[in-house]
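Trainee: Provided herewith: start_5.pdb, PDB, C-alpha atoms, pLDDT in the B column.
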ATOM      1  CA  MET A   1       0.000   0.000   0.000  1.00 77.00           C
ATOM      2  CA  LYS A   2       1.426   3.314  -1.078  1.00 85.00           C
ATOM      3  CA  LEU A   3       0.937   6.334   1.198  1.00 81.00           C
ATOM      4  CA  THR A   4       0.295   9.825  -0.045  1.00 89.00           C
ATOM      5  CA  LYS A   5       2.699  12.621   0.938  1.00 88.00           C
ATOM      6  CA  GLU A   6       0.084  13.949   3.380  1.00 90.00           C
ATOM      7  CA  GLU A   7      -0.333  10.519   5.025  1.00 85.00           C
ATOM      8  CA  GLU A   8       3.443  10.129   5.310  1.00 87.00           C
ATOM      9  CA  LYS A   9       3.730  13.573   6.922  1.00 88.00           C
ATOM     10  CA  LEU A  10       0.941  12.779   9.403  1.00 87.00           C
ATOM     11  CA  ILE A  11       2.651   9.541  10.414  1.00 85.00           C
ATOM     12  CA  LEU A  12       6.061  11.218  10.767  1.00 83.00           C
ATOM     13  CA  ASP A  13       4.566  14.102  12.769  1.00 82.00           C
ATOM     14  CA  LYS A  14       2.791  11.660  15.092  1.00 87.00           C
ATOM     15  CA  ARG A  15       5.996   9.676  15.622  1.00 83.00           C
ATOM     16  CA  ALA A  16       7.947  12.870  16.357  1.00 79.00           C
ATOM     17  CA  ALA A  17       5.311  13.994  18.877  1.00 80.00           C
ATOM     18  CA  GLU A  18       5.353  10.591  20.612  1.00 80.00           C
ATOM     19  CA  GLU A  19       9.153  10.592  20.689  1.00 78.00           C
ATOM     20  CA  ALA A  20       9.223  14.087  22.229  1.00 76.00           C
ATOM     21  CA  GLU A  21       7.114  12.797  25.139  1.00 81.00           C
ATOM     22  CA  LYS A  22       9.699  10.169  26.073  1.00 87.00           C
ATOM     23  CA  PRO A  23      12.589  11.032  28.406  1.00 91.00           C
ATOM     24  CA  LYS A  24      16.027  10.905  26.790  1.00 92.00           C
ATOM     25  CA  LYS A  25      18.062  10.660  30.000  1.00 95.00           C
ATOM     26  CA  ILE A  26      17.501   9.773  33.614  1.00 96.00           C
ATOM     27  CA  GLY A  27      19.445  10.719  36.720  1.00 96.00           C
ATOM     28  CA  LYS A  28      19.215  10.301  40.473  1.00 96.00           C
ATOM     29  CA  LEU A  29      19.323  13.022  43.086  1.00 95.00           C
ATOM     30  CA  LYS A  30      22.709  13.104  44.853  1.00 97.00           C
ATOM     31  CA  GLU A  31      21.334  14.307  48.188  1.00 96.00           C
ATOM     32  CA  ASP A  32      18.127  15.398  49.865  1.00 95.00           C
ATOM     33  CA  LEU A  33      16.611  18.653  48.591  1.00 90.00           C
ATOM     34  CA  TYR A  34      15.056  21.173  50.941  1.00 89.00           C
ATOM     35  CA  MET A  35      12.738  24.029  50.118  1.00 85.00           C
ATOM     36  CA  ASN A  36      12.223  27.122  52.192  1.00 80.00           C
ATOM     37  CA  ASN A  37       8.493  27.611  52.529  1.00 70.00           C
ATOM     38  CA  SER A  38       9.054  31.348  52.940  1.00 63.00           C
ATOM     39  CA  LEU A  39      10.389  31.602  49.390  1.00 52.00           C
ATOM     40  CA  GLY A  40       8.020  32.302  46.545  1.00 47.00           C
ATOM     41  CA  SER A  41       8.024  30.220  43.402  1.00 44.00           C
ATOM     42  CA  CYS A  42      10.167  32.882  41.744  1.00 46.00           C
ATOM     43  CA  GLY A  43      12.854  32.354  44.396  1.00 48.00           C
ATOM     44  CA  GLN A  44      12.489  35.813  45.949  1.00 49.00           C
ATOM     45  CA  CYS A  45      12.619  35.933  49.734  1.00 54.00           C
ATOM     46  CA  ILE A  46       9.355  37.216  51.137  1.00 52.00           C
ATOM     47  CA  ILE A  47      10.414  37.414  54.788  1.00 57.00           C
ATOM     48  CA  SER A  48      10.418  40.994  56.019  1.00 64.00           C
ATOM     49  CA  VAL A  49      13.522  41.503  58.155  1.00 65.00           C
ATOM     50  CA  PRO A  50      14.599  44.936  59.415  1.00 71.00           C
ATOM     51  CA  TRP A  51      18.105  46.132  58.558  1.00 78.00           C
ATOM     52  CA  ILE A  52      18.887  46.970  62.141  1.00 88.00           C
ATOM     53  CA  CYS A  53      17.951  44.715  65.058  1.00 86.00           C
ATOM     54  CA  SER A  54      19.197  43.510  68.423  1.00 93.00           C
ATOM     55  CA  LEU A  55      21.177  40.307  68.854  1.00 94.00           C
ATOM     56  CA  THR A  56      18.077  38.617  70.291  1.00 93.00           C
ATOM     57  CA  GLU A  57      15.962  39.712  67.327  1.00 88.00           C
ATOM     58  CA  ARG A  58      18.683  38.608  64.919  1.00 88.00           C
ATOM     59  CA  ASP A  59      18.794  35.167  66.530  1.00 92.00           C
ATOM     60  CA  GLU A  60      15.007  34.893  66.253  1.00 89.00           C
ATOM     61  CA  TYR A  61      15.089  35.826  62.548  1.00 84.00           C
ATOM     62  CA  VAL A  62      17.903  33.363  61.868  1.00 86.00           C
ATOM     63  CA  SER A  63      16.126  30.586  63.754  1.00 88.00           C
ATOM     64  CA  GLU A  64      12.845  31.327  61.985  1.00 85.00           C
ATOM     65  CA  PHE A  65      14.598  31.237  58.613  1.00 83.00           C
ATOM     66  CA  PHE A  66      16.445  27.961  59.226  1.00 84.00           C
ATOM     67  CA  ASN A  67      13.356  26.290  60.673  1.00 86.00           C
ATOM     68  CA  SER A  68      11.342  27.204  57.593  1.00 84.00           C
ATOM     69  CA  PHE A  69      13.165  24.651  55.411  1.00 87.00           C
ATOM     70  CA  GLU A  70      11.511  21.297  54.820  1.00 87.00           C
ATOM     71  CA  LYS A  71      12.737  18.263  52.937  1.00 89.00           C
ATOM     72  CA  VAL A  72      10.893  17.929  49.644  1.00 88.00           C
ATOM     73  CA  LEU A  73      12.892  15.204  47.870  1.00 90.00           C
ATOM     74  CA  SER A  74      15.101  12.421  49.153  1.00 92.00           C
ATOM     75  CA  ALA A  75      18.448  11.395  47.749  1.00 95.00           C
ATOM     76  CA  GLY A  76      17.957   8.843  44.991  1.00 95.00           C
ATOM     77  CA  ALA A  77      14.777  10.427  43.616  1.00 93.00           C
ATOM     78  CA  VAL A  78      14.644   9.891  39.859  1.00 94.00           C
ATOM     79  CA  PHE A  79      14.630  12.768  37.390  1.00 94.00           C
ATOM     80  CA  ASP A  80      13.733  12.521  33.709  1.00 94.00           C
ATOM     81  CA  CYS A  81      15.334  14.645  31.016  1.00 94.00           C
ATOM     82  CA  TYR A  82      13.511  15.769  27.911  1.00 92.00           C
ATOM     83  CA  ILE A  83      15.283  17.483  25.053  1.00 89.00           C
ATOM     84  CA  GLU A  84      13.705  20.725  23.870  1.00 88.00           C
ATOM     85  CA  LYS A  85      13.415  21.540  20.170  1.00 84.00           C
ATOM     86  CA  ASP A  86      16.425  23.849  20.468  1.00 90.00           C
ATOM     87  CA  GLY A  87      18.512  21.018  22.012  1.00 88.00           C
ATOM     88  CA  ARG A  88      18.377  22.206  25.642  1.00 92.00           C
ATOM     89  CA  GLU A  89      17.967  19.668  28.431  1.00 93.00           C
ATOM     90  CA  SER A  90      14.869  20.025  30.580  1.00 92.00           C
ATOM     91  CA  TRP A  91      14.864  17.959  33.806  1.00 93.00           C
ATOM     92  CA  TYR A  92      11.775  17.051  35.866  1.00 91.00           C
ATOM     93  CA  ASP A  93      11.363  15.041  39.060  1.00 90.00           C
ATOM     94  CA  ARG A  94       9.527  11.855  38.197  1.00 86.00           C
ATOM     95  CA  ASP A  95       7.267  11.392  41.193  1.00 78.00           C
ATOM     96  CA  CYS A  96       6.631  14.570  43.145  1.00 74.00           C
ATOM     97  CA  GLY A  97       5.818  17.323  40.682  1.00 72.00           C
ATOM     98  CA  ILE A  98       6.912  19.970  43.177  1.00 76.00           C
ATOM     99  CA  GLU A  99       6.566  23.536  41.942  1.00 73.00           C
ATOM    100  CA  GLY A 100      10.013  25.010  41.400  1.00 71.00           C
ATOM    101  CA  ILE A 101      11.586  21.646  40.613  1.00 78.00           C
ATOM    102  CA  GLU A 102      10.782  21.437  36.926  1.00 80.00           C
ATOM    103  CA  ASN A 103      12.328  22.441  33.631  1.00 85.00           C
ATOM    104  CA  LEU A 104      15.805  22.426  35.188  1.00 89.00           C
ATOM    105  CA  ASP A 105      18.809  22.714  32.883  1.00 93.00           C
ATOM    106  CA  ALA A 106      21.965  20.674  32.233  1.00 95.00           C
ATOM    107  CA  VAL A 107      24.025  22.773  34.656  1.00 95.00           C
ATOM    108  CA  TRP A 108      21.554  22.017  37.452  1.00 94.00           C
ATOM    109  CA  ALA A 109      21.602  18.320  36.559  1.00 95.00           C
ATOM    110  CA  LYS A 110      25.400  18.241  36.692  1.00 96.00           C
ATOM    111  CA  ASP A 111      25.386  19.815  40.161  1.00 96.00           C
ATOM    112  CA  TYR A 112      22.514  17.864  41.735  1.00 95.00           C
ATOM    113  CA  LEU A 113      22.197  14.523  39.925  1.00 96.00           C
ATOM    114  CA  THR A 114      24.284  11.395  39.722  1.00 96.00           C
ATOM    115  CA  ASP A 115      24.167   8.236  37.614  1.00 96.00           C
ATOM    116  CA  ILE A 116      22.959  10.212  34.589  1.00 96.00           C
ATOM    117  CA  GLU A 117      22.444   7.883  31.660  1.00 96.00           C
ATOM    118  CA  ASN A 118      20.788   7.883  28.276  1.00 94.00           C
ATOM    119  CA  VAL A 119      17.496   6.037  28.051  1.00 89.00           C
TER     120      VAL A 119
END
Would you write the structure of this file as structure tokens?

Mentor:
Amino acid sequence: MKLTKEEEKLILDKRAAEEAEKPKKIGKLKEDLYMNNSLGSCGQCIISVPWICSLTERDEYVSEFFNSFEKVLSAGAVFDCYIEKDGRESWYDRDCGIEGIENLDAVWAKDYLTDIENV
């Protein structure tokens, strides 16, 4: 059976779309990741701290800041890498879907992941 040019293009486009949805690499998180729940999704600190304060106040602010971190991913968590149309790597955590831990680049992967391999 001979396909028309349009049918061939449809098949090739469908295959390309399916292939784009498959991860090209996987990697594992080197160590636990913590997120500060006082940080917005854009990474800007939203804690209001005065420039001048007493030692007691400073200690309270420091304690409050450090206690605001919570573990969001454990070491060994699997990340999938998709390749964008322009060739950039785009890494996503496989299981959690935590806001702020998506669409991470190759530099991030090099710093935070281990056992990176092609799929």

Trainee: What's around range 88-93 of chain A at 6 Å? Count all atoms listed in the file, leave out sequence neighbours fewer than 4 positions away in its own chain, and write the answer as a list in words.

Mentor: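 Skipping anything fewer than 4 positions along the chain leaves Phe79, Asp80, Cys81, Tyr82, Ile83, Glu84, Glu102, Asn103, Leu104, Asp105 and Ala106 of chain A.
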
Trainee: Just the residues within 6 Å of range 110-115 of chain A, please, counting only C-alpha atoms, with nothing from its chain fewer than 3 positions along; format it as a PDB file with C-alpha atoms, keeping the file's coordinate frame.

Mentor:
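File produced: around10.pdb:
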ATOM      1  CA  GLY A  27      19.445  10.719  36.720  1.00 96.00           C
ATOM      2  CA  LYS A  28      19.215  10.301  40.473  1.00 96.00           C
ATOM      3  CA  LEU A  29      19.323  13.022  43.086  1.00 95.00           C
ATOM      4  CA  LYS A  30      22.709  13.104  44.853  1.00 97.00           C
ATOM      5  CA  VAL A 107      24.025  22.773  34.656  1.00 95.00           C
TER       6      VAL A 107
END

Trainee: Mind giving me the axis-aligned box for range 53-62 of chain A with 3 Å on every side, centre plus edges in Å to one decimal, as AutoDock Vina command-line options?

Mentor:
--center_x 18.1 --center_y 39.0 --center_z 66.1 --size_x 12.2 --size_y 17.4 --size_z 14.4

Trainee: For CA of Arg15 in chain A and CA of Lys85 in chain A, determine how far apart the two atoms are, in Å to one decimal place.

Mentor: 14.7 Å

Trainee: Exactly which residues make up the result of the PyMOL selection byres ((chain A and resi 119) around 10) on this file, given as number ranges by chain?

Mentor: A: 22-26, 80-81, 116-118

Trainee: Mind pulling up the distance from CA of Gly100 in chain A to CA of Asp59 in chain A?

Mentor: 28.5 Å

Trainee: May I ask for the distance between CA of Ala16 in chain A and CA of Trp108 in chain A, given in Å to one decimal place?

Mentor: 26.7 Å

Trainee: Pick out the residues sitting within 8 Å of Glu70 in chain A, and hand them over as a list of chain:residue names; count all atoms listed in the file, and ignore anything fewer than 5 positions along from it in its own chain.

Mentor: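 My reading of the contact set: A:Tyr34, A:Met35, A:Asn36, A:Asn37.
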